[in-house]
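Working notes for the structure below.
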Amino acid sequence: MTINSRVQNIAIFIFLVIATCVWVYDIKTYGDIFRNVYIFLAMILIYQRAWGRLVALAISSLIVIAVVFIIKHGFSYIAAHYGEEYARISMRPINAKFNGFPSGHTATAFIAVAFICHFYDRRWVFLVALIAIFVGLSRIITLWHTPLQVFAGGIIAFCITYFCIKKLKQILILH
């Protein structure tokens, strides 16, 4: 085991301990903090001076956030103007508002998962996927979303980010 590998293993362990402590402290807070895992990833890219990867992460993040925002507000519009029966899929369990589909928290967490699939080894993919899955679970447990809304948020974000990064790797010549 090299020193770099040992440092990575220690970093993974510390990250998991922090995530577990936040989960135990307050599940809603966990979701609110770790939905931003893509921002933590951006800080690592800045530290590594991986500017091309940072640009790819920023572009794909903006696209995912825009798509999720448009879908959410589209369902709100449909519910308000055409009837709630056409927007039931987007109703939040906690307050019956029609802006829950797809889960934005889960979507932003899965941006990092798709990004990491392209550039990092399996340990990091597993760690970030675990963090993102628990973000989705936190949204279900706290009744902000249904399982379908969470699943859709994760799938939409993963697919868009994965294919954006794949295309941007060709354009920006990323390694």
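Residue numbering restarts at 1 for every chain of the structure tokens, chains are lettered A, B, ... in their displayed order, and ligands are numbered from 1 as they appear.
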
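Proximity to range 74-80 of chain A at 6 Å, evaluated using only C-alpha atoms and with sequence-adjacent residues fewer than 6 positions away removed, yields Ala87, Phe98 and Asn99 of chain A.
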
Using all heavy atoms, can you write the selected residues to a file as a PDB file, in the first residue's frame?
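And here's result.pdb as it stands now:
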ATOM      1  N   ALA A  87     -50.979  16.288 -11.965  1.00  0.00           N
ATOM      2  CA  ALA A  87     -49.652  16.505 -11.377  1.00  0.00           C
ATOM      3  C   ALA A  87     -49.446  15.724 -10.088  1.00  0.00           C
ATOM      4  O   ALA A  87     -48.577  16.052  -9.290  1.00  0.00           O
ATOM      5  CB  ALA A  87     -49.447  17.996 -11.129  1.00  0.00           C
ATOM      6  N   PHE A  98     -47.169  20.836  -5.129  1.00  0.00           N
ATOM      7  CA  PHE A  98     -46.887  20.103  -6.363  1.00  0.00           C
ATOM      8  C   PHE A  98     -45.550  20.512  -6.982  1.00  0.00           C
ATOM      9  O   PHE A  98     -45.466  20.821  -8.160  1.00  0.00           O
ATOM     10  CB  PHE A  98     -48.046  20.301  -7.348  1.00  0.00           C
ATOM     11  CG  PHE A  98     -49.286  19.603  -6.916  1.00  0.00           C
ATOM     12  CD1 PHE A  98     -50.218  20.258  -6.129  1.00  0.00           C
ATOM     13  CD2 PHE A  98     -49.500  18.284  -7.247  1.00  0.00           C
ATOM     14  CE1 PHE A  98     -51.362  19.609  -5.709  1.00  0.00           C
ATOM     15  CE2 PHE A  98     -50.640  17.619  -6.819  1.00  0.00           C
ATOM     16  CZ  PHE A  98     -51.574  18.283  -6.046  1.00  0.00           C
ATOM     17  N   ASN A  99     -44.501  20.478  -6.177  1.00  0.00           N
ATOM     18  CA  ASN A  99     -43.166  20.803  -6.693  1.00  0.00           C
ATOM     19  C   ASN A  99     -42.125  19.788  -6.222  1.00  0.00           C
ATOM     20  O   ASN A  99     -40.980  20.120  -6.025  1.00  0.00           O
ATOM     21  CB  ASN A  99     -42.767  22.218  -6.282  1.00  0.00           C
ATOM     22  CG  ASN A  99     -42.676  22.391  -4.777  1.00  0.00           C
ATOM     23  OD1 ASN A  99     -43.052  21.513  -4.015  1.00  0.00           O
ATOM     24  ND2 ASN A  99     -42.181  23.530  -4.343  1.00  0.00           N
TER      25      ASN A  99
END

- Message: When you look at range 118-134 of chain A with a cut-off of 7 Å (counting only C-alpha atoms), what residues show up, excluding the ones that are within fewer than 6 positions of it in the same chain? I need them as number ranges by chain.
- Response: A: 106, 109-110

- Among A:Val17, A:Ile10, A:Val68, A:Val135, Ile33 in chain A is approached most closely, using only C-alpha atoms, by A:Val135

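Among the candidates A:Ser90, A:Ala112, A:Ala42, A:Lys167, the residue lying nearest to Ala152 in chain A is A:Ser90 (atoms considered: only C-alpha atoms).
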
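Using only C-alpha atoms, the contacts of Phe163 in chain A at a cut-off of 10 Å, with sequence neighbours closer than 6 positions omitted, comprise Ser60, Ala114, Phe115 and Lys169 of chain A.
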
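Those residues that approach Phe69 in chain A to within 9 Å, counting only C-alpha atoms, are Val64, Ile65, His73, Gly74, Pro102 and Gly104 of chain A; same-chain residues fewer than 4 positions away are not listed.
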
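For the choices A:Ile141, A:Ile89, A:Ala96, A:Ala157, the atom-to-atom distance to Thr108 in chain A is smallest for A:Ala157 when using only C-alpha atoms.
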
- Item | Test item, helix (DSSP H, G or I) assignment across chain A, answer as a PyMOL selection string | chain A and resi 3-25+27-34+37-48+51-82+84-86+88-90+104-119+122-141+147-172

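With distances restricted to only C-alpha atoms, A:Cys159 is the closest residue to Ser61 in chain A from A:Cys159, A:Ile27, A:Ile14, A:Ile173.
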
- Expressed in Å to a single decimal, how great is the separation between CA of Tyr82 in chain A and CA of Thr146 in chain A? 22.3 Å

- Task: Tell me which protein, DNA and RNA residues are within 10 Å of Tyr30 in chain A, counting only C-alpha atoms, leaving out same-chain ones fewer than 6 positions away, and put them as a ChimeraX atom specification.
- Result: /A:19-24,131,134-135,138-139

- Task: Could you check how far CA of Ile94 in chain A sits from CA of Phe40 in chain A, in Å to one decimal?
- Result: 28.9 Å

- Selection near range 43-46 of chain A, 12 Å with only C-alpha atoms, sequence-local residues under 5 positions removed, as a ChimeraX atom specification: /A:36-38,51-58,112,115-116,119-120

Write a file of the just-selected residues containing C-alpha atoms, as a CSV table (one decimal), in the first residue's frame.
chain,number,residue,atom,x,y,z
A,36,ASN,CA,-23.9,19.6,-2.1
A,37,VAL,CA,-21.3,16.9,-2.5
A,38,TYR,CA,-20.7,18.2,-6.0
A,51,TRP,CA,-9.5,23.4,-14.4
A,52,GLY,CA,-10.8,21.4,-17.4
A,53,ARG,CA,-12.6,18.9,-15.0
A,54,LEU,CA,-13.9,21.8,-13.0
A,55,VAL,CA,-15.4,23.4,-16.1
A,56,ALA,CA,-17.0,20.1,-17.1
A,57,LEU,CA,-18.5,19.7,-13.6
A,58,ALA,CA,-19.8,23.2,-13.7
A,112,ALA,CA,-21.0,14.0,-8.2
A,115,PHE,CA,-18.7,12.8,-12.5
A,116,ILE,CA,-16.6,10.5,-10.3
A,119,PHE,CA,-12.2,10.2,-13.3
A,120,TYR,CA,-11.7,8.3,-10.0

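Taking CA of Ser103 in chain A and CA of Phe15 in chain A as endpoints, the distance between them is 23.8 Å.
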